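S.K.: Here you go, input.pdb (PDB, C-alpha atoms):
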ATOM      1  CA  MET Y   1      20.543  25.813 -25.888  1.00  0.00           C
ATOM      2  CA  ALA Y   2      18.348  23.404 -27.828  1.00  0.00           C
ATOM      3  CA  LYS Y   3      14.965  22.336 -26.486  1.00  0.00           C
ATOM      4  CA  ILE Y   4      16.008  18.702 -26.258  1.00  0.00           C
ATOM      5  CA  GLU Y   5      18.833  19.606 -23.902  1.00  0.00           C
ATOM      6  CA  LEU Y   6      16.346  21.328 -21.598  1.00  0.00           C
ATOM      7  CA  LYS Y   7      14.008  18.322 -21.597  1.00  0.00           C
ATOM      8  CA  LYS Y   8      16.677  15.680 -21.038  1.00  0.00           C
ATOM      9  CA  PRO Y   9      17.164  16.375 -17.275  1.00  0.00           C
ATOM     10  CA  VAL Y  10      13.393  16.155 -16.690  1.00  0.00           C
ATOM     11  CA  VAL Y  11      13.192  12.803 -18.504  1.00  0.00           C
ATOM     12  CA  GLU Y  12      16.190  11.549 -16.501  1.00  0.00           C
ATOM     13  CA  GLU Y  13      14.536  12.694 -13.257  1.00  0.00           C
ATOM     14  CA  ILE Y  14      11.360  10.760 -14.098  1.00  0.00           C
ATOM     15  CA  SER Y  15      13.399   7.714 -15.141  1.00  0.00           C
ATOM     16  CA  SER Y  16      15.367   7.708 -11.891  1.00  0.00           C
ATOM     17  CA  CYS Y  17      12.143   7.996  -9.861  1.00  0.00           C
ATOM     18  CA  ILE Y  18      10.346   5.117 -11.578  1.00  0.00           C
ATOM     19  CA  LYS Y  19      13.437   2.886 -11.642  1.00  0.00           C
ATOM     20  CA  ASP Y  20      13.190   2.044  -7.919  1.00  0.00           C
ATOM     21  CA  ALA Y  21       9.438   2.508  -7.526  1.00  0.00           C
ATOM     22  CA  GLN Y  22       7.311  -0.367  -6.241  1.00  0.00           C
ATOM     23  CA  SER Y  23       4.201   1.366  -7.551  1.00  0.00           C
ATOM     24  CA  VAL Y  24       3.298   4.224  -9.871  1.00  0.00           C
ATOM     25  CA  VAL Y  25      -0.235   5.626 -10.131  1.00  0.00           C
ATOM     26  CA  LEU Y  26      -1.364   8.140 -12.748  1.00  0.00           C
ATOM     27  CA  VAL Y  27      -4.212  10.506 -11.913  1.00  0.00           C
ATOM     28  CA  ASP Y  28      -6.175  13.248 -13.634  1.00  0.00           C
ATOM     29  CA  TYR Y  29      -6.205  16.146 -11.194  1.00  0.00           C
ATOM     30  CA  ARG Y  30      -8.429  18.502 -13.238  1.00  0.00           C
ATOM     31  CA  GLY Y  31     -10.985  20.262 -11.087  1.00  0.00           C
ATOM     32  CA  LEU Y  32      -9.144  19.979  -7.760  1.00  0.00           C
ATOM     33  CA  THR Y  33      -9.056  23.201  -5.790  1.00  0.00           C
ATOM     34  CA  VAL Y  34      -5.740  24.474  -4.487  1.00  0.00           C
ATOM     35  CA  GLU Y  35      -6.807  23.511  -0.959  1.00  0.00           C
ATOM     36  CA  GLN Y  36      -7.705  19.967  -2.040  1.00  0.00           C
ATOM     37  CA  ASP Y  37      -4.450  19.590  -3.958  1.00  0.00           C
ATOM     38  CA  THR Y  38      -2.494  20.795  -0.923  1.00  0.00           C
ATOM     39  CA  GLN Y  39      -4.294  18.284   1.332  1.00  0.00           C
ATOM     40  CA  LEU Y  40      -3.621  15.452  -1.123  1.00  0.00           C
ATOM     41  CA  ARG Y  41       0.053  16.332  -1.406  1.00  0.00           C
ATOM     42  CA  LYS Y  42       0.345  16.519   2.406  1.00  0.00           C
ATOM     43  CA  GLN Y  43      -1.230  13.074   2.876  1.00  0.00           C
ATOM     44  CA  LEU Y  44       1.009  11.561   0.200  1.00  0.00           C
ATOM     45  CA  ARG Y  45       4.140  13.204   1.592  1.00  0.00           C
ATOM     46  CA  GLU Y  46       3.371  11.912   5.126  1.00  0.00           C
ATOM     47  CA  ALA Y  47       3.138   8.381   3.710  1.00  0.00           C
ATOM     48  CA  GLY Y  48       6.467   8.725   1.885  1.00  0.00           C
ATOM     49  CA  VAL Y  49       4.849   8.918  -1.556  1.00  0.00           C
ATOM     50  CA  THR Y  50       6.272  11.206  -4.245  1.00  0.00           C
ATOM     51  CA  TYR Y  51       3.629  13.176  -6.150  1.00  0.00           C
ATOM     52  CA  LYS Y  52       4.602  15.265  -9.172  1.00  0.00           C
ATOM     53  CA  VAL Y  53       3.029  16.746 -12.246  1.00  0.00           C
ATOM     54  CA  TYR Y  54       4.993  16.273 -15.445  1.00  0.00           C
ATOM     55  CA  LYS Y  55       4.216  16.843 -19.083  1.00  0.00           C
ATOM     56  CA  ASN Y  56       2.844  13.754 -20.784  1.00  0.00           C
ATOM     57  CA  THR Y  57       5.555  13.842 -23.458  1.00  0.00           C
ATOM     58  CA  MET Y  58       8.264  13.791 -20.772  1.00  0.00           C
ATOM     59  CA  MET Y  59       6.633  10.835 -19.017  1.00  0.00           C
ATOM     60  CA  ASN Y  60       6.196   9.131 -22.387  1.00  0.00           C
ATOM     61  CA  PHE Y  61       9.941   9.315 -23.078  1.00  0.00           C
ATOM     62  CA  ALA Y  62      10.822   8.194 -19.542  1.00  0.00           C
ATOM     63  CA  PHE Y  63       8.359   5.265 -19.558  1.00  0.00           C
ATOM     64  CA  LYS Y  64       9.668   3.717 -22.788  1.00  0.00           C
ATOM     65  CA  GLY Y  65      11.624   0.538 -22.168  1.00  0.00           C
ATOM     66  CA  THR Y  66      10.488   0.205 -18.520  1.00  0.00           C
ATOM     67  CA  ASP Y  67       7.661  -1.542 -16.665  1.00  0.00           C
ATOM     68  CA  CYS Y  68       5.781   1.761 -16.854  1.00  0.00           C
ATOM     69  CA  GLU Y  69       5.535   1.479 -20.636  1.00  0.00           C
ATOM     70  CA  ALA Y  70       2.053   0.016 -20.103  1.00  0.00           C
ATOM     71  CA  LEU Y  71       0.980   3.423 -18.720  1.00  0.00           C
ATOM     72  CA  ILE Y  72       1.651   5.286 -21.982  1.00  0.00           C
ATOM     73  CA  PRO Y  73      -1.966   4.886 -23.234  1.00  0.00           C
ATOM     74  CA  TYR Y  74      -3.177   6.689 -20.077  1.00  0.00           C
ATOM     75  CA  LEU Y  75      -1.135   9.805 -20.860  1.00  0.00           C
ATOM     76  CA  GLU Y  76      -4.083  11.841 -22.128  1.00  0.00           C
ATOM     77  CA  GLY Y  77      -5.016  15.173 -20.605  1.00  0.00           C
ATOM     78  CA  PRO Y  78      -3.423  16.519 -17.439  1.00  0.00           C
ATOM     79  CA  SER Y  79      -1.548  13.796 -15.584  1.00  0.00           C
ATOM     80  CA  ALA Y  80       0.075  13.626 -12.187  1.00  0.00           C
ATOM     81  CA  MET Y  81       2.206  10.742 -11.018  1.00  0.00           C
ATOM     82  CA  ALA Y  82       2.257   9.313  -7.485  1.00  0.00           C
ATOM     83  CA  LEU Y  83       4.959   6.767  -6.732  1.00  0.00           C
ATOM     84  CA  SER Y  84       6.323   4.913  -3.766  1.00  0.00           C
ATOM     85  CA  THR Y  85       9.572   3.047  -3.303  1.00  0.00           C
ATOM     86  CA  THR Y  86       8.659   1.551   0.076  1.00  0.00           C
ATOM     87  CA  ASP Y  87       4.931   0.691   0.223  1.00  0.00           C
ATOM     88  CA  ALA Y  88       3.446  -0.738  -2.953  1.00  0.00           C
ATOM     89  CA  THR Y  89      -0.155  -0.005  -1.998  1.00  0.00           C
ATOM     90  CA  ALA Y  90       0.278   3.461  -0.445  1.00  0.00           C
ATOM     91  CA  PRO Y  91      -0.273   5.630  -3.544  1.00  0.00           C
ATOM     92  CA  ALA Y  92      -3.388   3.702  -4.597  1.00  0.00           C
ATOM     93  CA  ARG Y  93      -4.756   3.604  -1.049  1.00  0.00           C
ATOM     94  CA  ILE Y  94      -4.288   7.317  -0.327  1.00  0.00           C
ATOM     95  CA  ILE Y  95      -5.511   8.525  -3.720  1.00  0.00           C
ATOM     96  CA  SER Y  96      -8.580   6.259  -3.649  1.00  0.00           C
ATOM     97  CA  LYS Y  97      -9.454   7.419  -0.153  1.00  0.00           C
ATOM     98  CA  PHE Y  98      -8.977  11.060  -1.132  1.00  0.00           C
ATOM     99  CA  ALA Y  99     -11.039  10.598  -4.309  1.00  0.00           C
ATOM    100  CA  LYS Y 100     -14.055   9.774  -2.126  1.00  0.00           C
ATOM    101  CA  THR Y 101     -13.961  13.313  -0.726  1.00  0.00           C
ATOM    102  CA  ALA Y 102     -12.914  14.913  -4.031  1.00  0.00           C
ATOM    103  CA  PRO Y 103     -14.711  13.033  -6.840  1.00  0.00           C
ATOM    104  CA  VAL Y 104     -13.044  15.135  -9.557  1.00  0.00           C
ATOM    105  CA  LEU Y 105      -9.765  13.315  -8.842  1.00  0.00           C
ATOM    106  CA  GLU Y 106      -9.699  10.455 -11.325  1.00  0.00           C
ATOM    107  CA  ILE Y 107      -7.364   7.481 -11.263  1.00  0.00           C
ATOM    108  CA  LYS Y 108      -6.174   6.633 -14.776  1.00  0.00           C
ATOM    109  CA  GLY Y 109      -4.106   3.520 -14.142  1.00  0.00           C
ATOM    110  CA  GLY Y 110      -0.949   2.317 -12.522  1.00  0.00           C
ATOM    111  CA  ILE Y 111       1.838  -0.186 -12.088  1.00  0.00           C
ATOM    112  CA  VAL Y 112       2.220  -2.165  -8.858  1.00  0.00           C
ATOM    113  CA  GLU Y 113       5.331  -4.315  -8.554  1.00  0.00           C
ATOM    114  CA  GLY Y 114       5.719  -4.517 -12.331  1.00  0.00           C
ATOM    115  CA  ILE Y 115       2.100  -5.385 -13.153  1.00  0.00           C
ATOM    116  CA  ALA Y 116      -0.083  -2.851 -14.983  1.00  0.00           C
ATOM    117  CA  TYR Y 117      -3.612  -2.130 -13.745  1.00  0.00           C
ATOM    118  CA  ASP Y 118      -6.434   0.036 -15.013  1.00  0.00           C
ATOM    119  CA  ALA Y 119      -8.425   2.378 -12.744  1.00  0.00           C
ATOM    120  CA  LYS Y 120     -10.599  -0.465 -11.381  1.00  0.00           C
ATOM    121  CA  GLY Y 121      -7.538  -2.583 -10.644  1.00  0.00           C
ATOM    122  CA  ILE Y 122      -5.842   0.250  -8.776  1.00  0.00           C
ATOM    123  CA  SER Y 123      -9.045   0.839  -6.787  1.00  0.00           C
ATOM    124  CA  SER Y 124      -9.103  -2.821  -5.748  1.00  0.00           C
ATOM    125  CA  ILE Y 125      -5.420  -2.654  -4.754  1.00  0.00           C
ATOM    126  CA  ALA Y 126      -6.318   0.316  -2.570  1.00  0.00           C
ATOM    127  CA  ASN Y 127      -8.309  -2.068  -0.355  1.00  0.00           C
ATOM    128  CA  ILE Y 128      -5.188  -4.078   0.508  1.00  0.00           C
ATOM    129  CA  PRO Y 129      -3.947  -3.109   3.987  1.00  0.00           C
ATOM    130  CA  SER Y 130      -0.496  -1.617   4.374  1.00  0.00           C
ATOM    131  CA  ARG Y 131       2.487  -3.772   5.306  1.00  0.00           C
ATOM    132  CA  GLU Y 132       2.405  -2.488   8.888  1.00  0.00           C
ATOM    133  CA  GLU Y 133      -1.290  -3.386   9.241  1.00  0.00           C
ATOM    134  CA  LEU Y 134      -0.668  -6.880   7.888  1.00  0.00           C
ATOM    135  CA  LEU Y 135       2.278  -7.405  10.246  1.00  0.00           C
ATOM    136  CA  SER Y 136       0.262  -6.236  13.252  1.00  0.00           C
ATOM    137  CA  LYS Y 137      -2.566  -8.634  12.331  1.00  0.00           C
ATOM    138  CA  LEU Y 138      -0.069 -11.480  11.997  1.00  0.00           C
ATOM    139  CA  LEU Y 139       1.526 -10.711  15.347  1.00  0.00           C
ATOM    140  CA  GLY Y 140      -1.913 -10.423  16.945  1.00  0.00           C
ATOM    141  CA  SER Y 141      -2.937 -13.827  15.655  1.00  0.00           C
ATOM    142  CA  MET Y 142       0.340 -15.340  16.866  1.00  0.00           C
ATOM    143  CA  GLN Y 143       0.002 -13.732  20.291  1.00  0.00           C
ATOM    144  CA  ALA Y 144      -3.654 -14.722  20.885  1.00  0.00           C
ATOM    145  CA  PRO Y 145      -3.053 -18.381  21.881  1.00  0.00           C
ATOM    146  CA  ILE Y 146      -0.307 -17.369  24.308  1.00  0.00           C
ATOM    147  CA  ALA Y 147      -2.507 -14.696  25.869  1.00  0.00           C
ATOM    148  CA  ASN Y 148      -5.389 -17.161  26.242  1.00  0.00           C
ATOM    149  CA  PHE Y 149      -3.094 -19.719  27.910  1.00  0.00           C
ATOM    150  CA  ALA Y 150      -1.819 -17.040  30.306  1.00  0.00           C
ATOM    151  CA  ARG Y 151      -5.419 -16.067  31.189  1.00  0.00           C
ATOM    152  CA  VAL Y 152      -6.334 -19.680  31.955  1.00  0.00           C
ATOM    153  CA  MET Y 153      -3.233 -20.124  34.121  1.00  0.00           C
ATOM    154  CA  ASP Y 154      -4.054 -16.892  35.959  1.00  0.00           C
ATOM    155  CA  GLN Y 155      -7.609 -18.060  36.651  1.00  0.00           C
ATOM    156  CA  LEU Y 156      -6.290 -21.373  37.964  1.00  0.00           C
ATOM    157  CA  ALA Y 157      -3.883 -19.541  40.245  1.00  0.00           C
ATOM    158  CA  GLU Y 158      -6.708 -17.333  41.590  1.00  0.00           C
ATOM    159  CA  LYS Y 159      -8.778 -20.426  42.438  1.00  0.00           C
ATOM    160  CA  GLY Y 160      -5.947 -21.822  44.495  1.00  0.00           C
ATOM    161  CA  GLY Y 161      -3.959 -23.695  41.925  1.00  0.00           C
ATOM    162  CA  ALA Y 162      -4.084 -27.413  41.302  1.00  0.00           C
ATOM    163  CA  GLY Y 163      -5.130 -28.123  44.929  1.00  0.00           C
ATOM    164  CA  ALA Y 164      -8.534 -26.546  44.266  1.00  0.00           C
ATOM    165  CA  VAL Y 165      -9.285 -29.124  41.647  1.00  0.00           C
ATOM    166  CA  GLU Y 166     -10.187 -32.495  43.116  1.00  0.00           C
ATOM    167  CA  ALA Y 167      -7.588 -34.932  42.041  1.00  0.00           C
ATOM    168  CA  ALA Y 168      -8.627 -38.248  40.606  1.00  0.00           C
ATOM    169  CA  PRO Y 169      -7.164 -41.329  42.223  1.00  0.00           C
ATOM    170  CA  ALA Y 170      -3.613 -41.833  41.070  1.00  0.00           C
ATOM    171  CA  GLU Y 171      -4.111 -45.442  40.155  1.00  0.00           C
ATOM    172  CA  ALA Y 172      -7.249 -47.417  39.732  1.00  0.00           C
ATOM    173  CA  PRO Y 173      -7.257 -50.679  41.626  1.00  0.00           C
ATOM    174  CA  ALA Y 174      -6.209 -53.492  39.401  1.00  0.00           C
ATOM    175  CA  ALA Y 175      -8.927 -55.937  38.536  1.00  0.00           C
ATOM    176  CA  GLU Y 176      -8.355 -59.255  40.158  1.00  0.00           C
ATOM    177  CA  THR Y 177      -7.786 -62.037  37.738  1.00  0.00           C
ATOM    178  CA  PRO Y 178      -8.931 -65.531  38.664  1.00  0.00           C
ATOM    179  CA  ALA Y 179      -6.114 -67.875  39.486  1.00  0.00           C
ATOM    180  CA  GLU Y 180      -5.670 -70.826  37.291  1.00  0.00           C
TER     181      GLU Y 180
END
Now that the file is in, can you turn its structure into structure tokens?

M.R.:
Amino acid sequence: MAKIELKKPVVEEISSCIKDAQSVVLVDYRGLTVEQDTQLRKQLREAGVTYKVYKNTMMNFAFKGTDCEALIPYLEGPSAMALSTTDATAPARIISKFAKTAPVLEIKGGIVEGIAYDAKGISSIANIPSREELLSKLLGSMQAPIANFARVMDQLAEKGGAGAVEAAPAEAPAAETPAE
């Protein structure tokens, strides 16, 4: 069997992974201990992120003609690829957080929703909250006025309702106009 026939399934696997990916992040994993690598993989797996190590030449062939083509210049040295099809910021967020505890892990670059970013760009994307966090903040801000109104109504009810508040006269006496 020729070498190209052995490499073709790997290139197709990479191509099928990146086809539906919302984000792809390339990292240099040199210097990570086995324990650190296992922890990183566990965190990524729990977030639904795929993390694989491929040969640069295989990724190079798979990236050609796709949005990931902008990542080809970053394919120097050992490279691992983290990608997510559901949460665009998850790979960048998890890897950036993990890199704080393991400084040897280096972000090379990435693609988020079709736009290429360098290492600094990916690090700034890592600061964007996840979709779930953003939705919970939105719901919290929508719920706050209703909760405040309910609190005020509850306090009024505890004081005895509207009867506790002195009512103003219903109608002010009409000013008498001089007769003509």

S.K.: I'd like to know which of Y:Gln155, Y:Gln143, Y:Thr89, Y:Gln43 is closest to Val24 in chain Y, using all atoms listed in the file.

M.R.: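 Result for the nearest residue to Val24 in chain Y: Y:Thr89.
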
S.K.: Got a sec: who's within 9 Å of range 46-59 of chain Y, counting only C-alpha atoms, leaving out chain neighbours fewer than 2 positions off, as a short mmCIF file (atom, residue, chain, number, x, y, z; two decimals) with C-alpha atoms, keeping the file's coordinate frame?

M.R.:
data_model
loop_
_atom_site.label_atom_id
_atom_site.label_comp_id
_atom_site.auth_asym_id
_atom_site.auth_seq_id
_atom_site.Cartn_x
_atom_site.Cartn_y
_atom_site.Cartn_z
CA LYS Y 7 14.01 18.32 -21.60
CA LYS Y 8 16.68 15.68 -21.04
CA VAL Y 10 13.39 16.16 -16.69
CA VAL Y 11 13.19 12.80 -18.50
CA ILE Y 14 11.36 10.76 -14.10
CA SER Y 15 13.40 7.71 -15.14
CA CYS Y 17 12.14 8.00 -9.86
CA ARG Y 41 0.05 16.33 -1.41
CA LYS Y 42 0.34 16.52 2.41
CA GLN Y 43 -1.23 13.07 2.88
CA LEU Y 44 1.01 11.56 0.20
CA PHE Y 61 9.94 9.32 -23.08
CA ALA Y 62 10.82 8.19 -19.54
CA PHE Y 63 8.36 5.26 -19.56
CA LYS Y 64 9.67 3.72 -22.79
CA ILE Y 72 1.65 5.29 -21.98
CA LEU Y 75 -1.14 9.80 -20.86
CA GLU Y 76 -4.08 11.84 -22.13
CA GLY Y 77 -5.02 15.17 -20.60
CA PRO Y 78 -3.42 16.52 -17.44
CA SER Y 79 -1.55 13.80 -15.58
CA ALA Y 80 0.08 13.63 -12.19
CA MET Y 81 2.21 10.74 -11.02
CA ALA Y 82 2.26 9.31 -7.48
CA LEU Y 83 4.96 6.77 -6.73
CA SER Y 84 6.32 4.91 -3.77
CA THR Y 85 9.57 3.05 -3.30
CA THR Y 86 8.66 1.55 0.08
CA ASP Y 87 4.93 0.69 0.22
CA ALA Y 90 0.28 3.46 -0.44
CA PRO Y 91 -0.27 5.63 -3.54
CA ILE Y 94 -4.29 7.32 -0.33
#

S.K.: Can you tell me, as a VMD selection string, what residues are no more than 8 Å from Tyr74 in chain Y when counting all atoms listed in the file, ignoring any on the same chain fewer than 5 positions away?

M.R.: chain Y and resid 26 108 to 109

S.K.: If you measure from CA of Val112 in chain Y to CA of Glu13 in chain Y, what distance in Å do you get, rounded to one decimal?

M.R.: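 Result for CA of Val112 in chain Y versus CA of Glu13 in chain Y: 19.8 Å, one decimal.
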
S.K.: Using CA of Ser124 in chain Y and CA of Asp28 in chain Y as the two end points, give the distance in Å to one decimal.

M.R.: 18.1 Å

S.K.: Between CA of Cys68 in chain Y and CA of Ala92 in chain Y, measure the distance and give it in Å to one decimal.

M.R.: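 These two atoms are separated by 15.4 Å.
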
S.K.: Padding of 3 Å on every side, edges along x, y and z, all listed atoms of range 95-100 of chain Y included: what centre and edge lengths in Å, to one decimal, does that box have, as lines of an AutoDock Vina configuration file?

M.R.:
center_x = -9.8
center_y = 8.7
center_z = -2.2
size_x = 14.5
size_y = 10.8
size_z = 10.2

S.K.: Go through the shown structure with the PyMOL selection byres ((chain Y and resi 32) around 9) and write out the matching residues as a PDB file with C-alpha atoms, in the coordinates of the input.

M.R.:
ATOM      1  CA  TYR Y  29      -6.205  16.146 -11.194  1.00  0.00           C
ATOM      2  CA  ARG Y  30      -8.429  18.502 -13.238  1.00  0.00           C
ATOM      3  CA  GLY Y  31     -10.985  20.262 -11.087  1.00  0.00           C
ATOM      4  CA  THR Y  33      -9.056  23.201  -5.790  1.00  0.00           C
ATOM      5  CA  VAL Y  34      -5.740  24.474  -4.487  1.00  0.00           C
ATOM      6  CA  GLU Y  35      -6.807  23.511  -0.959  1.00  0.00           C
ATOM      7  CA  GLN Y  36      -7.705  19.967  -2.040  1.00  0.00           C
ATOM      8  CA  ASP Y  37      -4.450  19.590  -3.958  1.00  0.00           C
ATOM      9  CA  ALA Y 102     -12.914  14.913  -4.031  1.00  0.00           C
ATOM     10  CA  PRO Y 103     -14.711  13.033  -6.840  1.00  0.00           C
ATOM     11  CA  VAL Y 104     -13.044  15.135  -9.557  1.00  0.00           C
ATOM     12  CA  LEU Y 105      -9.765  13.315  -8.842  1.00  0.00           C
TER      13      LEU Y 105
END

S.K.: Please fill the gaps in range 76-107 of chain Y so it has N, CA and C atoms, and write that as a JSON list (two decimals), in the frame of the given file.

M.R.:
[["chain", "number", "residue", "atom", "x", "y", "z"],
["Y", 76, "GLU", "N", -3.18, 10.94, -21.41],
["Y", 76, "GLU", "CA", -4.08, 11.84, -22.13],
["Y", 76, "GLU", "C", -4.58, 12.87, -21.13],
["Y", 77, "GLY", "N", -4.56, 14.13, -21.51],
["Y", 77, "GLY", "CA", -5.02, 15.17, -20.60],
["Y", 77, "GLY", "C", -4.01, 15.40, -19.49],
["Y", 78, "PRO", "N", -4.35, 16.25, -18.54],
["Y", 78, "PRO", "CA", -3.42, 16.52, -17.44],
["Y", 78, "PRO", "C", -3.16, 15.26, -16.62],
["Y", 79, "SER", "N", -1.91, 15.00, -16.33],
["Y", 79, "SER", "CA", -1.55, 13.80, -15.58],
["Y", 79, "SER", "C", -0.59, 14.14, -14.46],
["Y", 80, "ALA", "N", -0.85, 13.54, -13.31],
["Y", 80, "ALA", "CA", 0.08, 13.63, -12.19],
["Y", 80, "ALA", "C", 0.48, 12.20, -11.85],
["Y", 81, "MET", "N", 1.66, 12.06, -11.30],
["Y", 81, "MET", "CA", 2.21, 10.74, -11.02],
["Y", 81, "MET", "C", 2.50, 10.64, -9.52],
["Y", 82, "ALA", "N", 1.96, 9.60, -8.89],
["Y", 82, "ALA", "CA", 2.26, 9.31, -7.48],
["Y", 82, "ALA", "C", 3.03, 8.00, -7.46],
["Y", 83, "LEU", "N", 4.17, 7.99, -6.78],
["Y", 83, "LEU", "CA", 4.96, 6.77, -6.73],
["Y", 83, "LEU", "C", 5.56, 6.56, -5.36],
["Y", 84, "SER", "N", 5.75, 5.29, -5.05],
["Y", 84, "SER", "CA", 6.32, 4.91, -3.77],
["Y", 84, "SER", "C", 7.41, 3.87, -3.97],
["Y", 85, "THR", "N", 8.48, 4.02, -3.24],
["Y", 85, "THR", "CA", 9.57, 3.05, -3.30],
["Y", 85, "THR", "C", 9.54, 2.10, -2.12],
["Y", 86, "THR", "N", 8.68, 2.37, -1.13],
["Y", 86, "THR", "CA", 8.66, 1.55, 0.08],
["Y", 86, "THR", "C", 7.37, 0.75, 0.25],
["Y", 87, "ASP", "N", 6.22, 1.36, 0.02],
["Y", 87, "ASP", "CA", 4.93, 0.69, 0.22],
["Y", 87, "ASP", "C", 4.20, 0.63, -1.11],
["Y", 88, "ALA", "N", 4.02, -0.57, -1.62],
["Y", 88, "ALA", "CA", 3.45, -0.74, -2.95],
["Y", 88, "ALA", "C", 1.98, -0.31, -3.04],
["Y", 89, "THR", "N", 1.27, -0.34, -1.93],
["Y", 89, "THR", "CA", -0.16, 0.00, -2.00],
["Y", 89, "THR", "C", -0.46, 1.43, -1.56],
["Y", 90, "ALA", "N", 0.52, 2.13, -1.01],
["Y", 90, "ALA", "CA", 0.28, 3.46, -0.44],
["Y", 90, "ALA", "C", -0.29, 4.46, -1.44],
["Y", 91, "PRO", "N", 0.30, 4.64, -2.64],
["Y", 91, "PRO", "CA", -0.27, 5.63, -3.54],
["Y", 91, "PRO", "C", -1.73, 5.33, -3.91],
["Y", 92, "ALA", "N", -2.02, 4.08, -4.23],
["Y", 92, "ALA", "CA", -3.39, 3.70, -4.60],
["Y", 92, "ALA", "C", -4.33, 3.89, -3.43],
["Y", 93, "ARG", "N", -3.90, 3.51, -2.23],
["Y", 93, "ARG", "CA", -4.76, 3.60, -1.05],
["Y", 93, "ARG", "C", -5.09, 5.06, -0.71],
["Y", 94, "ILE", "N", -4.08, 5.92, -0.70],
["Y", 94, "ILE", "CA", -4.29, 7.32, -0.33],
["Y", 94, "ILE", "C", -5.10, 8.05, -1.38],
["Y", 95, "ILE", "N", -4.78, 7.83, -2.65],
["Y", 95, "ILE", "CA", -5.51, 8.52, -3.72],
["Y", 95, "ILE", "C", -6.96, 8.06, -3.78],
["Y", 96, "SER", "N", -7.20, 6.77, -3.63],
["Y", 96, "SER", "CA", -8.58, 6.26, -3.65],
["Y", 96, "SER", "C", -9.39, 6.82, -2.48],
["Y", 97, "LYS", "N", -8.77, 6.87, -1.32],
["Y", 97, "LYS", "CA", -9.45, 7.42, -0.15],
["Y", 97, "LYS", "C", -9.76, 8.90, -0.36],
["Y", 98, "PHE", "N", -8.79, 9.63, -0.90],
["Y", 98, "PHE", "CA", -8.98, 11.06, -1.13],
["Y", 98, "PHE", "C", -10.02, 11.31, -2.22],
["Y", 99, "ALA", "N", -10.08, 10.43, -3.21],
["Y", 99, "ALA", "CA", -11.04, 10.60, -4.31],
["Y", 99, "ALA", "C", -12.48, 10.49, -3.82],
["Y", 100, "LYS", "N", -12.70, 9.85, -2.68],
["Y", 100, "LYS", "CA", -14.06, 9.77, -2.13],
["Y", 100, "LYS", "C", -14.53, 11.14, -1.65],
["Y", 101, "THR", "N", -13.60, 11.97, -1.17],
["Y", 101, "THR", "CA", -13.96, 13.31, -0.73],
["Y", 101, "THR", "C", -13.86, 14.33, -1.86],
["Y", 102, "ALA", "N", -13.08, 14.02, -2.87],
["Y", 102, "ALA", "CA", -12.91, 14.91, -4.03],
["Y", 102, "ALA", "C", -13.15, 14.10, -5.30],
["Y", 103, "PRO", "N", -14.41, 13.92, -5.71],
["Y", 103, "PRO", "CA", -14.71, 13.03, -6.84],
["Y", 103, "PRO", "C", -14.13, 13.47, -8.19],
["Y", 104, "VAL", "N", -13.64, 14.71, -8.29],
["Y", 104, "VAL", "CA", -13.04, 15.14, -9.56],
["Y", 104, "VAL", "C", -11.67, 14.50, -9.78],
["Y", 105, "LEU", "N", -11.05, 14.01, -8.72],
["Y", 105, "LEU", "CA", -9.76, 13.32, -8.84],
["Y", 105, "LEU", "C", -10.02, 11.94, -9.44],
["Y", 106, "GLU", "N", -9.43, 11.70, -10.59],
["Y", 106, "GLU", "CA", -9.70, 10.46, -11.32],
["Y", 106, "GLU", "C", -8.42, 9.64, -11.49],
["Y", 107, "ILE", "N", -8.50, 8.39, -11.08],
["Y", 107, "ILE", "CA", -7.36, 7.48, -11.26],
["Y", 107, "ILE", "C", -7.39, 6.99, -12.70]]
